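Q: After the structure tokens below, expect a handful of questions from me.
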Amino acid sequence: MDHTKQIYTRLLRVIPNLRNIERYAKLAAPGFMDLHVDILNKTGNVWRIALAHNYKSGGDVIPDPDMEVSVDFHNETAQAETYQDTYVYREANDERSKKELNEFLVLWLGNLIEQGHKSVDLPSNP
């Protein structure tokens, strides 16, 4: 099953203001880890973004999970490109890994929707 439309729809439910984010945003839900959104690249209607939950261990910030996602606003699709957690790094470099990473992303976005993550106002960048 092609999840790219489902991912796009869920992504915009989690981050309805995605197209308005210049570089970075943070979303929060009481009792859950914050979601960090980084805009990595904008090429016309195709963006590459990173989504991550972060925790601290021994003074280091550890992403778990952290995914890079390609978003095509014109075609209303999105797909996983990379995944990493504390122990694993994977790229969507073949059909099997694309399917597996996209299935995880659908699940994760569904959890974020249920948890009710909302944008947090951040101070303006100098």
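Chain lettering (A, B, ...) mirrors the order of the structure tokens, residue numbering begins at 1 for each chain separately, and ligand numbering begins at 1 in order of display.
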Can you tell me which residues surround Leu35 (chain A) at a distance of at most 10 Å, considering only C-alpha atoms, apart from same-chain residues fewer than 3 positions away, and format the answer as a list in words?
A: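 Here the qualifying residues turn out to be Val14, Ala25, Lys26, Leu27, Ala28, Ala29, Phe32, Leu51, Ala52, His53, Asn54, Pro65, Asp66, Leu112, His117, Lys118, Ser119 and Val120 of chain A.
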Q: Tell me, as a list in words, which residues lie within 7 Å of Gln79 (chain A), counting only C-alpha atoms; anything in the same chain fewer than 4 positions away does not count.
A: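 Contacts, in chain order: Thr4, Ile7, Val69, Ser70, Val71 and Asn102 of chain A.
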Q: With distances taken over only C-alpha atoms, which of A:Ile113, A:Leu105, A:Val61, A:Ala80 is nearest to Ala92 (chain A)?
A: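 Once distances to Ala92 (chain A) are computed over only C-alpha atoms, the minimum belongs to A:Ala80.
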Q: Please identify all polymer residues within 10 Å of Trp47 (chain A), counting only C-alpha atoms, omitting same-chain residues fewer than 4 positions from it, and present them as JSON, numbers by chain.
A: {"A": [19, 39, 40, 41, 42, 43, 69, 70, 71, 72, 73, 78]}
Q: Only N, CA and C atoms, please: the residues just picked out, written as a compact mmCIF listing (two decimals), in the first residue's frame.
A:
```
# COMPACT_ATOMS: atom_id res chain seq x y z
N ARG A 19 3.70 25.00 6.13
CA ARG A 19 4.19 25.88 5.05
C ARG A 19 4.64 27.24 5.56
N ILE A 39 13.22 22.54 9.17
CA ILE A 39 13.14 22.62 7.72
C ILE A 39 14.57 22.50 7.20
N LEU A 40 14.87 21.42 6.51
CA LEU A 40 16.23 21.16 6.05
C LEU A 40 16.50 21.75 4.67
N ASN A 41 15.50 21.69 3.81
CA ASN A 41 15.68 22.16 2.44
C ASN A 41 14.33 22.48 1.83
N LYS A 42 14.28 23.57 1.09
CA LYS A 42 13.06 23.95 0.35
C LYS A 42 13.46 24.10 -1.12
N THR A 43 12.90 23.24 -1.96
CA THR A 43 13.12 23.34 -3.40
C THR A 43 11.74 23.43 -4.05
N VAL A 69 11.88 13.59 6.28
CA VAL A 69 10.69 13.34 5.47
C VAL A 69 10.69 14.30 4.29
N SER A 70 10.40 13.79 3.10
CA SER A 70 10.21 14.63 1.93
C SER A 70 8.72 14.94 1.81
N VAL A 71 8.42 16.22 1.61
CA VAL A 71 7.03 16.66 1.50
C VAL A 71 6.86 17.34 0.14
N ASP A 72 5.92 16.86 -0.64
CA ASP A 72 5.61 17.45 -1.95
C ASP A 72 4.23 18.11 -1.84
N PHE A 73 4.23 19.42 -1.66
CA PHE A 73 2.98 20.15 -1.47
C PHE A 73 2.12 20.15 -2.74
N ALA A 78 3.91 12.78 0.96
CA ALA A 78 5.08 12.86 1.83
C ALA A 78 5.58 11.45 2.06
```
Q: I'd like to know which residues of chain A are strand (DSSP E) (by DSSP, run on the backbone); could you write them as a ChimeraX atom specification?
A: /A:24-28,35-43,46-57,60-72,77-84,89-91,118-120
Q: Would you work out the distance separating CA of Glu76 (chain A) from CA of Asn20 (chain A), expressed in Å to one decimal?
A: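 We find that CA of Glu76 (chain A) and CA of Asn20 (chain A) lie 16.1 Å from each other.
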Q: Taking into account only C-alpha atoms, which residue in the set A:Ala50, A:Ile62, A:Leu12, A:Val106 is nearest to Asp85 (chain A)?
A: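 Ranked by minimum distance to Asp85 (chain A), first place goes to A:Ile62.
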Q: Quick one: everything within 6 Å of Glu68 (chain A), counting only C-alpha atoms, minus sequence neighbours fewer than 2 positions away in the same chain. Send it as number ranges by chain.
A: A: 49-50, 81-82
Q: Deliver the residues from the most recent selection as a file, using C-alpha atoms, as an mmCIF file, in the first residue's frame.
A:
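After the write, out.cif holds the following:
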```cif
data_model
loop_
_atom_site.group_PDB
_atom_site.id
_atom_site.type_symbol
_atom_site.label_atom_id
_atom_site.label_comp_id
_atom_site.auth_asym_id
_atom_site.auth_seq_id
_atom_site.Cartn_x
_atom_site.Cartn_y
_atom_site.Cartn_z
ATOM 1 C CA ILE A 49 12.038 18.256 6.944
ATOM 2 C CA ALA A 50 13.199 16.512 10.098
ATOM 3 C CA GLU A 81 13.706 9.283 3.796
ATOM 4 C CA THR A 82 15.669 8.352 6.925
#
```
